[in-house]
>>> print(open('coords_33.txt').read())   # compact mmCIF, C-alpha atoms and all ligand atoms
# COMPACT_ATOMS: atom_id res chain seq x y z
CA MET S 1 41.98 22.12 -11.57
CA ASN S 2 40.20 18.94 -12.64
CA PHE S 3 36.44 18.89 -13.22
CA ARG S 4 36.32 15.18 -14.10
CA PHE S 5 35.08 12.27 -12.00
CA THR S 6 37.47 9.35 -11.57
CA GLU S 7 36.99 6.29 -13.75
CA GLU S 8 35.65 4.41 -10.73
CA GLN S 9 33.12 7.14 -9.96
CA GLU S 10 32.00 7.20 -13.62
CA MET S 11 31.58 3.41 -13.63
CA PHE S 12 29.53 3.60 -10.46
CA ARG S 13 27.33 6.33 -11.97
CA GLN S 14 26.77 4.27 -15.10
CA SER S 15 25.84 1.07 -13.24
CA LEU S 16 23.41 2.98 -11.02
CA ARG S 17 21.93 4.81 -14.02
CA ASP S 18 21.48 1.52 -15.91
CA LEU S 19 19.69 -0.03 -12.94
CA LEU S 20 17.41 2.99 -12.45
CA GLU S 21 16.58 3.13 -16.17
CA LYS S 22 15.81 -0.58 -16.30
CA GLU S 23 13.97 -1.13 -13.03
CA PHE S 24 12.30 2.17 -12.16
CA ALA S 25 12.01 4.48 -15.19
CA PRO S 26 9.32 2.31 -16.87
CA ILE S 27 7.05 2.30 -13.80
CA VAL S 28 7.76 5.61 -12.08
CA ASP S 29 4.94 7.76 -13.46
CA GLU S 30 2.15 5.29 -12.86
CA ARG S 31 3.44 4.12 -9.48
CA ASP S 32 4.29 7.59 -8.14
CA ARG S 33 0.76 8.82 -8.81
CA LYS S 34 -0.67 6.03 -6.62
CA GLY S 35 0.95 7.48 -3.48
CA PRO S 36 3.26 6.28 -0.71
CA LEU S 37 5.18 3.03 -1.15
CA THR S 38 4.16 0.23 1.15
CA ARG S 39 6.83 -1.24 3.39
CA GLU S 40 7.05 -4.30 1.11
CA GLU S 41 7.53 -2.11 -1.98
CA ALA S 42 10.17 -0.02 -0.21
CA ILE S 43 12.08 -3.18 0.74
CA GLU S 44 11.91 -4.36 -2.86
CA VAL S 45 13.41 -1.00 -3.94
CA MET S 46 16.21 -1.33 -1.37
CA LYS S 47 16.99 -4.86 -2.55
CA LYS S 48 17.22 -3.70 -6.17
CA LEU S 49 19.54 -0.81 -5.25
CA LYS S 50 21.76 -3.26 -3.37
CA ARG S 51 22.54 -4.98 -6.67
CA VAL S 52 24.78 -2.00 -7.52
CA GLY S 53 26.17 -1.70 -4.00
CA VAL S 54 23.79 1.01 -2.78
CA GLY S 55 22.49 0.07 0.65
CA LEU S 56 22.51 0.67 4.38
CA ASP S 57 24.43 -2.39 5.61
CA PRO S 58 27.75 -1.49 7.29
CA GLU S 59 29.82 -2.21 4.18
CA SER S 60 27.63 -0.39 1.64
CA ILE S 61 27.05 2.56 3.95
CA GLU S 62 30.76 3.38 3.80
CA ASP S 63 30.27 4.18 0.10
CA LEU S 64 27.03 6.00 0.80
CA LEU S 65 28.94 8.25 3.24
CA ASP S 66 31.57 9.02 0.59
CA PRO S 67 30.45 12.59 -0.25
CA VAL S 68 31.09 12.37 -4.00
CA LEU S 69 29.35 8.98 -4.32
CA PHE S 70 26.46 10.30 -2.24
CA GLY S 71 26.22 13.23 -4.67
CA ILE S 72 26.15 10.86 -7.63
CA ILE S 73 23.46 8.72 -5.98
CA ALA S 74 21.36 11.81 -5.17
CA GLU S 75 21.70 13.18 -8.71
CA GLU S 76 20.91 9.90 -10.45
CA ILE S 77 17.94 8.99 -8.22
CA GLY S 78 16.71 12.60 -8.53
CA ARG S 79 16.80 12.21 -12.32
CA VAL S 80 14.58 9.13 -12.29
CA TRP S 81 12.49 8.96 -9.10
CA PRO S 82 13.10 11.54 -6.32
CA SER S 83 10.53 9.83 -4.07
CA LEU S 84 13.12 7.10 -3.41
CA LEU S 85 15.70 9.46 -1.92
CA PRO S 86 14.50 9.47 1.72
CA LEU S 87 14.73 5.66 1.86
CA LEU S 88 18.50 6.07 1.68
CA GLY S 89 19.08 9.60 2.97
CA MET S 90 16.91 9.37 6.06
CA GLY S 91 17.33 5.60 6.52
CA ALA S 92 21.10 6.06 6.72
CA ILE S 93 20.89 8.12 9.92
CA PRO S 94 19.64 5.34 12.24
CA ALA S 95 21.57 2.74 10.20
CA ILE S 96 24.99 4.23 10.96
CA PHE S 97 24.37 3.79 14.69
CA VAL S 98 23.31 0.14 14.54
CA PRO S 99 26.86 -1.32 14.69
CA ALA S 100 27.40 0.67 17.91
CA ALA S 101 24.22 -0.54 19.58
CA SER S 102 23.93 -3.31 22.19
CA GLU S 103 24.49 -6.93 21.17
CA GLU S 104 20.75 -7.54 21.41
CA VAL S 105 19.86 -4.62 19.10
CA ARG S 106 22.59 -5.59 16.65
CA SER S 107 21.44 -9.18 16.51
CA ARG S 108 17.99 -7.97 15.43
CA LEU S 109 18.98 -5.14 13.07
CA LEU S 110 22.24 -6.18 11.40
CA PRO S 111 20.72 -9.14 9.51
CA ARG S 112 17.88 -6.87 8.39
CA LEU S 113 20.43 -4.30 7.15
CA GLU S 114 22.36 -7.00 5.31
CA ARG S 115 19.20 -8.28 3.59
CA GLY S 116 18.07 -4.77 2.59
CA GLU S 117 14.99 -5.11 4.81
CA PHE S 118 15.75 -2.15 7.08
CA ILE S 119 13.61 1.00 6.75
CA GLY S 120 14.74 3.85 8.96
CA CYS S 121 13.69 7.42 9.65
CA PHE S 122 15.07 10.54 11.29
CA ALA S 123 12.43 12.18 13.45
CA GLU S 124 13.25 15.71 14.57
CA THR S 125 10.56 18.11 13.29
CA GLU S 126 7.48 18.69 15.46
CA PRO S 127 4.20 20.54 14.93
CA GLU S 128 5.58 23.53 16.88
CA ALA S 129 9.27 22.99 16.12
CA GLY S 130 9.93 23.27 12.37
CA CYS S 131 12.89 25.49 11.49
CA ASP S 132 13.41 26.10 15.19
CA THR S 133 14.19 22.72 16.70
CA SER S 134 15.99 24.26 19.66
CA ASN S 135 13.01 23.73 21.93
CA LEU S 136 11.51 20.31 21.29
CA ALA S 137 8.31 19.33 23.09
CA THR S 138 9.05 15.59 22.82
CA THR S 139 10.51 14.53 26.15
CA ALA S 140 12.52 11.54 27.35
CA ARG S 141 12.25 10.79 31.08
CA LEU S 142 14.90 8.48 32.51
CA GLU S 143 13.48 5.69 34.69
CA GLY S 144 16.08 3.09 35.66
CA ASP S 145 17.54 1.60 32.49
CA TYR S 146 14.92 3.10 30.20
CA TYR S 147 13.87 6.44 28.76
CA ILE S 148 10.12 7.03 28.60
CA VAL S 149 9.31 9.06 25.49
CA ASN S 150 6.24 11.25 24.98
CA GLY S 151 5.53 13.57 22.08
CA THR S 152 4.55 14.07 18.43
CA LYS S 153 6.75 14.40 15.36
CA SER S 154 5.58 15.82 12.04
CA TRP S 155 6.63 15.62 8.39
CA ILE S 156 8.84 12.59 8.97
CA SER S 157 9.99 10.78 5.84
CA ASN S 158 9.39 7.00 5.98
CA ALA S 159 7.40 7.44 9.24
CA THR S 160 4.62 5.01 8.37
CA ILE S 161 6.86 2.22 7.05
CA ALA S 162 9.94 2.54 9.28
CA ASP S 163 11.04 -0.22 11.62
CA THR S 164 13.72 1.97 13.26
CA ALA S 165 13.71 5.67 14.07
CA PHE S 166 16.33 8.12 15.29
CA VAL S 167 14.20 10.42 17.42
CA GLY S 168 15.10 13.91 18.66
CA VAL S 169 14.07 14.41 22.31
CA LYS S 170 14.53 16.78 25.19
CA ASP S 171 15.90 15.09 28.30
CA ALA S 172 13.22 15.79 30.91
CA ALA S 173 15.78 16.09 33.74
CA THR S 174 18.57 18.11 32.11
CA GLY S 175 16.70 19.87 29.28
CA ASN S 176 19.45 18.67 26.90
CA HIS S 177 18.59 17.93 23.29
CA THR S 178 19.58 14.38 22.34
CA PHE S 179 18.53 11.48 20.11
CA LEU S 180 17.33 7.94 20.78
CA LEU S 181 17.48 4.89 18.52
CA VAL S 182 13.94 3.52 18.63
CA GLU S 183 12.96 0.09 17.29
CA LYS S 184 9.28 -0.22 16.53
CA GLU S 185 9.25 -3.95 17.34
CA ILE S 186 10.49 -3.27 20.88
CA THR S 187 9.08 0.22 21.38
CA PRO S 188 5.83 0.43 19.44
CA PHE S 189 4.86 3.89 18.18
CA GLU S 190 1.99 5.08 16.00
CA ALA S 191 2.31 6.88 12.66
CA THR S 192 -0.14 8.37 10.17
CA GLU S 193 0.36 9.55 6.59
CA SER S 194 0.48 13.29 5.64
CA PRO S 195 -0.46 13.66 1.92
CA LYS S 196 1.61 16.21 -0.04
CA MET S 197 2.04 17.70 -3.57
CA GLY S 198 5.31 16.05 -4.64
CA TRP S 199 7.51 13.01 -3.84
CA LYS S 200 4.15 11.24 -3.93
CA ALA S 201 5.58 7.74 -3.48
CA SER S 202 7.66 8.75 -0.45
CA PRO S 203 5.76 8.06 2.78
CA THR S 204 5.75 11.14 5.03
CA GLY S 205 3.88 11.31 8.26
CA GLU S 206 3.23 12.18 11.87
CA MET S 207 4.62 9.98 14.64
CA PHE S 208 3.10 9.63 18.08
CA PHE S 209 5.03 8.51 21.15
CA ASP S 210 2.97 7.75 24.23
CA GLU S 211 4.96 6.49 27.24
CA CYS S 212 7.29 4.63 24.83
CA LYS S 213 10.06 2.75 26.64
CA VAL S 214 13.54 2.97 25.04
CA PRO S 215 16.66 1.30 26.49
CA ARG S 216 19.07 3.84 27.97
CA GLU S 217 21.94 2.39 25.93
CA ASN S 218 20.18 3.60 22.73
CA GLU S 219 20.92 7.24 23.60
CA LEU S 220 23.20 9.19 21.22
CA SER S 221 26.11 9.93 23.59
CA VAL S 222 26.27 6.27 24.70
CA LEU S 223 26.15 5.12 21.05
CA LEU S 224 28.84 7.60 20.00
CA GLU S 225 31.13 6.66 22.88
CA LYS S 226 30.81 2.96 21.99
CA ALA S 227 31.22 3.63 18.28
CA PHE S 228 34.49 5.52 18.72
CA ALA S 229 35.85 3.15 21.38
CA SER S 230 35.18 0.06 19.23
CA GLY S 231 36.00 1.68 15.88
CA THR S 232 32.67 0.47 14.47
CA MET S 233 31.74 3.84 13.02
CA LYS S 234 33.89 4.25 9.93
CA LEU S 235 33.47 7.89 9.03
CA PRO S 236 35.41 9.44 6.12
CA ALA S 237 38.60 11.29 7.14
CA GLY S 238 37.34 14.63 5.81
CA PHE S 239 34.19 14.31 7.84
CA LEU S 240 36.22 13.64 11.01
CA LYS S 241 38.23 16.79 10.22
CA LEU S 242 35.00 18.78 9.93
CA LEU S 243 34.20 17.77 13.52
CA THR S 244 37.18 19.88 14.68
CA SER S 245 35.58 23.07 13.32
CA MET S 246 31.82 22.52 13.87
CA THR S 247 29.33 20.59 16.00
CA PRO S 248 28.61 16.94 15.03
CA VAL S 249 25.05 17.79 13.92
CA THR S 250 26.26 20.71 11.74
CA ALA S 251 28.93 18.48 10.20
CA MET S 252 26.45 15.65 9.69
CA LEU S 253 24.03 17.93 7.82
CA THR S 254 26.56 19.07 5.20
CA ILE S 255 26.25 15.85 3.15
CA PRO S 256 22.43 15.64 2.92
CA ARG S 257 22.19 19.37 2.17
CA ALA S 258 24.66 19.21 -0.70
CA GLY S 259 22.88 15.96 -1.65
CA MET S 260 19.54 17.76 -1.86
CA GLY S 261 21.21 20.31 -4.15
CA LEU S 262 22.40 17.51 -6.42
CA ALA S 263 19.08 15.64 -6.30
CA SER S 264 17.55 18.92 -7.53
CA VAL S 265 20.10 18.89 -10.36
CA GLY S 266 18.90 15.39 -11.26
CA ILE S 267 15.25 16.50 -11.46
CA ALA S 268 16.22 19.54 -13.54
CA GLN S 269 18.39 17.39 -15.83
CA ALA S 270 15.46 15.06 -16.57
CA ALA S 271 13.24 18.04 -17.40
CA PHE S 272 15.97 19.55 -19.58
CA GLU S 273 16.56 16.33 -21.54
CA ALA S 274 12.82 16.00 -22.20
CA SER S 275 12.73 19.63 -23.37
CA VAL S 276 15.65 19.25 -25.78
CA LYS S 277 13.95 16.20 -27.33
CA TYR S 278 10.60 17.99 -27.61
CA ALA S 279 12.19 21.16 -29.08
CA ARG S 280 13.69 19.01 -31.86
CA GLU S 281 10.50 17.03 -32.56
CA ARG S 282 7.53 19.35 -32.09
CA VAL S 283 6.70 21.22 -35.29
CA GLN S 284 4.77 24.51 -35.38
CA PHE S 285 4.66 27.14 -38.12
CA GLY S 286 6.26 24.53 -40.37
CA ARG S 287 9.46 24.12 -38.36
CA PRO S 288 10.65 22.45 -35.13
CA ILE S 289 9.97 24.77 -32.17
CA GLY S 290 13.70 24.44 -31.31
CA LYS S 291 14.36 26.79 -34.24
CA PHE S 292 12.61 29.63 -32.43
CA GLN S 293 14.94 31.94 -30.52
CA LEU S 294 12.64 32.23 -27.50
CA ILE S 295 12.76 28.44 -27.07
CA GLN S 296 16.55 28.46 -27.44
CA GLU S 297 16.78 31.14 -24.77
CA MET S 298 14.80 28.92 -22.39
CA LEU S 299 17.14 25.99 -23.13
CA TYR S 300 20.14 28.24 -22.47
CA GLU S 301 18.72 29.36 -19.12
CA MET S 302 17.92 25.78 -18.09
CA ASN S 303 21.36 24.54 -19.07
CA VAL S 304 23.29 27.25 -17.25
CA LEU S 305 21.19 26.85 -14.08
CA ILE S 306 21.82 23.08 -14.10
CA GLU S 307 25.57 23.44 -14.71
CA THR S 308 25.95 26.08 -11.98
CA ALA S 309 23.95 24.03 -9.47
CA ARG S 310 25.96 20.91 -10.33
CA LEU S 311 29.29 22.71 -9.87
CA LEU S 312 28.14 24.15 -6.55
CA GLY S 313 26.90 20.74 -5.37
CA TYR S 314 30.09 18.86 -6.17
CA LYS S 315 32.24 21.74 -4.90
CA ALA S 316 30.42 21.38 -1.55
CA MET S 317 31.03 17.62 -1.66
CA SER S 318 34.73 18.10 -2.43
CA LEU S 319 35.06 20.53 0.50
CA ILE S 320 33.49 17.86 2.74
CA VAL S 321 36.02 15.33 1.39
CA GLU S 322 38.81 17.75 2.36
CA GLY S 323 37.25 18.55 5.75
CA ASP S 324 37.28 22.25 4.87
CA PRO S 325 35.09 24.39 7.24
CA GLU S 326 33.77 26.21 4.13
CA ALA S 327 31.78 23.00 3.48
CA ARG S 328 29.05 24.33 5.75
CA LYS S 329 28.49 27.45 3.64
CA TYR S 330 28.81 25.66 0.30
CA SER S 331 26.41 22.86 1.23
CA ALA S 332 23.83 25.47 2.31
CA MET S 333 24.33 27.43 -0.93
CA ALA S 334 24.17 24.23 -3.01
CA LYS S 335 20.85 23.32 -1.40
CA ILE S 336 19.28 26.74 -1.97
CA TYR S 337 20.62 27.20 -5.49
CA GLY S 338 19.86 23.64 -6.61
CA GLY S 339 16.30 23.72 -5.26
CA GLU S 340 15.48 27.12 -6.76
CA ALA S 341 17.16 26.13 -10.05
CA ALA S 342 15.09 22.94 -10.27
CA ILE S 343 11.86 24.90 -9.75
CA ARG S 344 12.80 27.37 -12.52
CA VAL S 345 14.01 24.65 -14.91
CA THR S 346 10.96 22.40 -14.48
CA ASN S 347 8.73 25.46 -14.91
CA LEU S 348 10.46 26.32 -18.20
CA ALA S 349 10.26 22.67 -19.28
CA ILE S 350 6.47 22.79 -18.88
CA GLN S 351 6.38 25.97 -20.97
CA ILE S 352 8.40 24.38 -23.77
CA HIS S 353 5.96 21.45 -23.82
CA GLY S 354 2.89 23.71 -24.00
CA GLY S 355 -0.29 21.76 -23.19
CA MET S 356 1.63 18.50 -23.00
CA GLY S 357 3.69 20.05 -20.19
CA ILE S 358 0.74 20.11 -17.83
CA SER S 359 -0.74 16.84 -19.07
CA GLU S 360 -0.52 13.77 -16.86
CA GLU S 361 0.45 11.87 -20.00
CA MET S 362 3.99 13.23 -19.61
CA PRO S 363 6.27 13.41 -16.55
CA LEU S 364 6.77 17.21 -16.72
CA GLU S 365 4.11 17.99 -14.12
CA ARG S 366 5.71 15.41 -11.77
CA TYR S 367 9.14 16.97 -12.28
CA TYR S 368 7.65 20.34 -11.34
CA ARG S 369 5.87 18.98 -8.24
CA ASP S 370 8.98 17.07 -7.14
CA ALA S 371 11.21 20.13 -7.70
CA ARG S 372 8.88 22.27 -5.60
CA MET S 373 9.55 20.00 -2.62
CA MET S 374 13.30 20.62 -2.64
CA THR S 375 13.40 23.98 -0.82
CA ILE S 376 11.73 22.76 2.39
CA PRO S 377 13.08 19.51 3.95
CA ASP S 378 16.61 19.36 5.41
CA GLY S 379 16.50 23.12 6.05
CA THR S 380 14.39 25.68 4.19
CA SER S 381 15.98 28.10 1.71
CA GLU S 382 15.56 30.89 4.28
CA ILE S 383 17.42 28.97 6.98
CA MET S 384 20.13 28.03 4.43
CA LYS S 385 20.51 31.75 3.64
CA LEU S 386 20.91 32.55 7.34
CA ILE S 387 23.62 29.87 7.58
CA THR S 388 25.35 31.34 4.54
CA GLY S 389 25.12 34.87 6.00
CA TYR S 390 26.56 33.72 9.31
CA SER S 391 29.35 31.81 7.53
CA ILE S 392 30.27 34.96 5.58
CA LEU S 393 30.11 37.39 8.49
CA GLY S 394 31.35 35.17 11.31
CA LYS S 395 31.00 35.24 15.11
CA GLY S 396 28.48 37.71 16.50
CA PHE S 397 26.31 37.61 13.35
CA SER S 398 23.96 34.74 14.14
CA ALA S 399 20.45 35.81 13.09
CA TYR S 400 18.98 33.99 16.09
CA ASN S 401 20.49 35.98 18.98
C1 LIG L 501 8.52 16.14 2.27
C2 LIG L 501 9.12 16.49 3.58
C3 LIG L 501 9.93 15.57 4.21
C4 LIG L 501 10.46 15.86 5.46
N1 LIG L 501 11.23 14.92 6.10
C5 LIG L 501 11.65 15.14 7.37
C6 LIG L 501 12.33 14.12 8.10
O1 LIG L 501 12.56 13.02 7.59
N2 LIG L 501 12.70 14.38 9.37
C7 LIG L 501 12.44 15.57 9.98
O2 LIG L 501 12.80 15.73 11.15
N3 LIG L 501 11.80 16.58 9.30
C8 LIG L 501 11.40 16.38 8.02
N4 LIG L 501 10.73 17.37 7.33
C9 LIG L 501 10.42 18.61 8.01
C10 LIG L 501 11.20 19.80 7.48
O3 LIG L 501 12.53 19.72 7.91
C11 LIG L 501 10.45 21.05 7.97
O4 LIG L 501 9.26 21.14 7.22
C12 LIG L 501 11.28 22.30 7.78
O5 LIG L 501 12.36 22.30 8.68
C13 LIG L 501 10.45 23.57 7.99
O6 LIG L 501 9.65 23.49 9.14
P1 LIG L 501 8.11 23.93 9.05
O7 LIG L 501 7.53 23.18 7.91
O8 LIG L 501 7.49 23.76 10.37
O9 LIG L 501 8.16 25.45 8.66
P2 LIG L 501 8.30 26.69 9.67
O10 LIG L 501 9.47 26.49 10.58
O11 LIG L 501 6.99 26.97 10.30
O12 LIG L 501 8.67 27.85 8.66
C14 LIG L 501 7.65 28.53 7.87
C15 LIG L 501 8.36 29.57 6.99
O13 LIG L 501 9.05 30.52 7.84
C16 LIG L 501 10.42 30.60 7.45
N5 LIG L 501 11.24 30.87 8.63
C17 LIG L 501 11.25 30.22 9.82
N6 LIG L 501 12.16 30.74 10.64
C18 LIG L 501 12.75 31.76 9.96
C19 LIG L 501 13.79 32.71 10.26
N7 LIG L 501 14.42 32.71 11.42
N8 LIG L 501 14.13 33.61 9.31
C20 LIG L 501 13.51 33.61 8.10
N9 LIG L 501 12.53 32.76 7.75
C21 LIG L 501 12.16 31.84 8.67
C22 LIG L 501 10.71 29.23 6.83
O14 LIG L 501 11.86 29.26 6.00
C23 LIG L 501 9.43 28.98 6.08
O15 LIG L 501 9.45 29.68 4.86
C24 LIG L 501 10.21 17.12 6.06
C25 LIG L 501 9.40 18.05 5.41
C26 LIG L 501 8.85 17.76 4.19
C27 LIG L 501 7.97 18.78 3.52
>>> encode(input="coords_33.txt", output="structure tokens", more="lines below")
Ligand SMILES: Cc1cc2nc3c(=O)[nH]c(=O)nc-3n(C[C@H](O)[C@H](O)[C@H](O)COP(=O)(O)OP(=O)(O)OC[C@H]3O[C@@H](n4cnc5c(N)ncnc54)[C@H](O)[C@@H]3O)c2cc1C
Amino acid sequence: MNFRFTEEQEMFRQSLRDLLEKEFAPIVDERDRKGPLTREEAIEVMKKLKRVGVGLDPESIEDLLDPVLFGIIAEEIGRVWPSLLPLLGMGAIPAIFVPAASEEVRSRLLPRLERGEFIGCFAETEPEAGCDTSNLATTARLEGDYYIVNGTKSWISNATIADTAFVGVKDAATGNHTFLLVEKEITPFEATESPKMGWKASPTGEMFFDECKVPRENELSVLLEKAFASGTMKLPAGFLKLLTSMTPVTAMLTIPRAGMGLASVGIAQAAFEASVKYARERVQFGRPIGKFQLIQEMLYEMNVLIETARLLGYKAMSLIVEGDPEARKYSAMAKIYGGEAAIRVTNLAIQIHGGMGISEEMPLERYYRDARMMTIPDGTSEIMKLITGYSILGKGFSAYN
């Protein structure tokens, strides 16, 4: 058994960490407090990340879809600025389908992807369809060569700055649940911001589709057929193996869920590092507070939670690499455990810092707010527990029927 990353993976982690420390760490606290990034700011972020090969263009996205590299990216960005995660995580979903789109769509979007000027979103959740997305109210009505889309989406990351969306719809004729690649330039839609407690710089909003016309060839099954026929969709071998034991959507969700677990590890790690430093420096009763056993116990608890969450996260990623069906259970467990661990660790970090912990002068209160976000998007902890339970018990034990 080998718990070490390869030299290449370590080098990648270091170059990404150096970039994040240099470009984003000095500005994160002030900028995050100001609220959602504008589209121009988000593009600037994407261009900076591209310097270390992190991007959504067809070549860079191959690395992004490597489960272990995705885990490293999630952990490192989580450690410095979690608000940036949806730019990559959610943007990647429409981006992977661009090479399979029509020549016309590709000619518009590929150059944008190459230049790092593509902002995408994945729009599934609705006001009345949160955990239960089995019965979407957003409909797509086929008229000739176009789908006409009507409906509202809620809590969509990047909604207000996205140029391209991958939108979950119910086919009005068949009742089937499918997805459409929607370009704002061609199919204008409205979006408004939904303010929230954490990930302050990440735009999140409602999207409104009113008789929006989307070319028929932008529908998921058409895109998938073209992608496989032309070989444009280069998915990792392990991921393709997962498709033999679970539905494409279930397989697709394993990576972001384990990624959310590892992003939580990143947040917790930042809070832990700050706490270790403070425990060494802050003097009370004539000695550093790190000498007090109750402080040491908190550091122990934080450290063991982080290590356990990290092991679970990368174990899930390694099962995805192998195409092991257990990846579904492990990615769900990694998401729950990582999110809950980050909440506990950032809470303890505030306690160690005393009054400074809740002060806006230090990043501890941001860590706590950002950690609190982690148990909701990409599947709540409760839904992750139901997936785990079903994976343990097997057929006949779905909590939904
Ligand atoms: C910051 C943020 C970003 C997001 N980004 C996106 C995005 O990019 N794209 C997108 O499509 N969505 C996104 N979401 C939406 C997110 O996926 C939903 O919020 C989530 O699925 C929960 O839906 P809900 O908020 O409507 O809660 P509800 O479904 O109303 O759930 C409320 C509570 O009931 C629990 N619950 C529900 N059903 C069960 C059950 N069967 N058993 C036990 N407990 C249950 C839930 O766990 C939760 O605790 C985002 C959300 C947030 C907060």
>>> residues_near_ligand(input="coords_33.txt", ligand="ligand LIG 501 (chain L)", cutoff="9 Å", atoms="all atoms listed in the file", output="mmCIF file with C-alpha atoms, keeping the file's coordinate frame")
data_model
loop_
_atom_site.group_PDB
_atom_site.id
_atom_site.type_symbol
_atom_site.label_atom_id
_atom_site.label_comp_id
_atom_site.auth_asym_id
_atom_site.auth_seq_id
_atom_site.Cartn_x
_atom_site.Cartn_y
_atom_site.Cartn_z
ATOM 1 C CA PRO S 86 14.500 9.470 1.720
ATOM 2 C CA GLY S 89 19.080 9.600 2.970
ATOM 3 C CA MET S 90 16.910 9.370 6.060
ATOM 4 C CA GLY S 91 17.330 5.600 6.520
ATOM 5 C CA CYS S 121 13.690 7.420 9.650
ATOM 6 C CA PHE S 122 15.070 10.540 11.290
ATOM 7 C CA ALA S 123 12.430 12.180 13.450
ATOM 8 C CA GLU S 124 13.250 15.710 14.570
ATOM 9 C CA THR S 125 10.560 18.110 13.290
ATOM 10 C CA GLU S 126 7.480 18.690 15.460
ATOM 11 C CA PRO S 127 4.200 20.540 14.930
ATOM 12 C CA GLU S 128 5.580 23.530 16.880
ATOM 13 C CA ALA S 129 9.270 22.990 16.120
ATOM 14 C CA GLY S 130 9.930 23.270 12.370
ATOM 15 C CA CYS S 131 12.890 25.490 11.490
ATOM 16 C CA ASP S 132 13.410 26.100 15.190
ATOM 17 C CA THR S 133 14.190 22.720 16.700
ATOM 18 C CA LYS S 153 6.750 14.400 15.360
ATOM 19 C CA SER S 154 5.580 15.820 12.040
ATOM 20 C CA TRP S 155 6.630 15.620 8.390
ATOM 21 C CA ILE S 156 8.840 12.590 8.970
ATOM 22 C CA SER S 157 9.990 10.780 5.840
ATOM 23 C CA ASN S 158 9.390 7.000 5.980
ATOM 24 C CA ALA S 159 7.400 7.440 9.240
ATOM 25 C CA VAL S 167 14.200 10.420 17.420
ATOM 26 C CA GLY S 168 15.100 13.910 18.660
ATOM 27 C CA LYS S 196 1.610 16.210 -0.040
ATOM 28 C CA MET S 197 2.040 17.700 -3.570
ATOM 29 C CA GLY S 198 5.310 16.050 -4.640
ATOM 30 C CA TRP S 199 7.510 13.010 -3.840
ATOM 31 C CA SER S 202 7.660 8.750 -0.450
ATOM 32 C CA PRO S 203 5.760 8.060 2.780
ATOM 33 C CA THR S 204 5.750 11.140 5.030
ATOM 34 C CA GLY S 205 3.880 11.310 8.260
ATOM 35 C CA MET S 373 9.550 20.000 -2.620
ATOM 36 C CA MET S 374 13.300 20.620 -2.640
ATOM 37 C CA THR S 375 13.400 23.980 -0.820
ATOM 38 C CA ILE S 376 11.730 22.760 2.390
ATOM 39 C CA PRO S 377 13.080 19.510 3.950
ATOM 40 C CA ASP S 378 16.610 19.360 5.410
ATOM 41 C CA GLY S 379 16.500 23.120 6.050
ATOM 42 C CA THR S 380 14.390 25.680 4.190
ATOM 43 C CA SER S 381 15.980 28.100 1.710
ATOM 44 C CA GLU S 382 15.560 30.890 4.280
ATOM 45 C CA ILE S 383 17.420 28.970 6.980
ATOM 46 C CA MET S 384 20.130 28.030 4.430
ATOM 47 C CA LYS S 385 20.510 31.750 3.640
ATOM 48 C CA LEU S 386 20.910 32.550 7.340
ATOM 49 C CA ALA S 399 20.450 35.810 13.090
ATOM 50 C CA TYR S 400 18.980 33.990 16.090
#
>>> closest_atom_pairs(input="coords_33.txt", of="region 317-347 of chain S", to="region 46-65 of chain S", cutoff="12 Å", atoms="all atoms listed in the file", output="tab-separated table")
residue	atom	partner	partner_atom	distance
S:Met317	CA	S:Leu65	CA	10.8
S:Ile320	CA	S:Leu65	CA	10.6
S:Val321	CA	S:Leu65	CA	10.2
>>> residues_around(input="coords_33.txt", residues="region 251-263 of chain S", least_positions_apart="5", cutoff="6 Å", atoms="all atoms listed in the file", output="PDB file with C-alpha atoms, in the frame of the given file")
ATOM      1  CA  GLY S  71      26.220  13.230  -4.670  1.00  0.00           C
ATOM      2  CA  ALA S  74      21.360  11.810  -5.170  1.00  0.00           C
ATOM      3  CA  GLU S  75      21.700  13.180  -8.710  1.00  0.00           C
ATOM      4  CA  GLY S  78      16.710  12.600  -8.530  1.00  0.00           C
ATOM      5  CA  GLY S 313      26.900  20.740  -5.370  1.00  0.00           C
ATOM      6  CA  ARG S 328      29.050  24.330   5.750  1.00  0.00           C
ATOM      7  CA  SER S 331      26.410  22.860   1.230  1.00  0.00           C
ATOM      8  CA  ALA S 334      24.170  24.230  -3.010  1.00  0.00           C
ATOM      9  CA  LYS S 335      20.850  23.320  -1.400  1.00  0.00           C
ATOM     10  CA  GLY S 338      19.860  23.640  -6.610  1.00  0.00           C
TER      11      GLY S 338
END
>>> residues_near_point(input="coords_33.txt", point="(31.1, 2.7, 18.1)", cutoff="12 Å", atoms="all atoms listed in the file", output="number ranges by chain")
S: 96-102, 106, 218, 220-235
>>> closest_residue(input="coords_33.txt", among="S:Ala341, S:Met356, S:Ile119, S:Ala309", to="Ile93 (chain S)", atoms="only C-alpha atoms")
S:Ile119
>>> closest_residue(input="coords_33.txt", among="S:Ser318, S:Ser391, S:Gln269, S:Thr308", to="Phe5 (chain S)", atoms="only C-alpha atoms")
S:Ser318
>>> axis_aligned_box(input="coords_33.txt", around="region 66-70 of chain S", padding_each_side="6 Å", output="JSON")
{"center_x": 29.0, "center_y": 10.8, "center_z": -1.9, "size_x": 17.1, "size_y": 15.6, "size_z": 16.9}
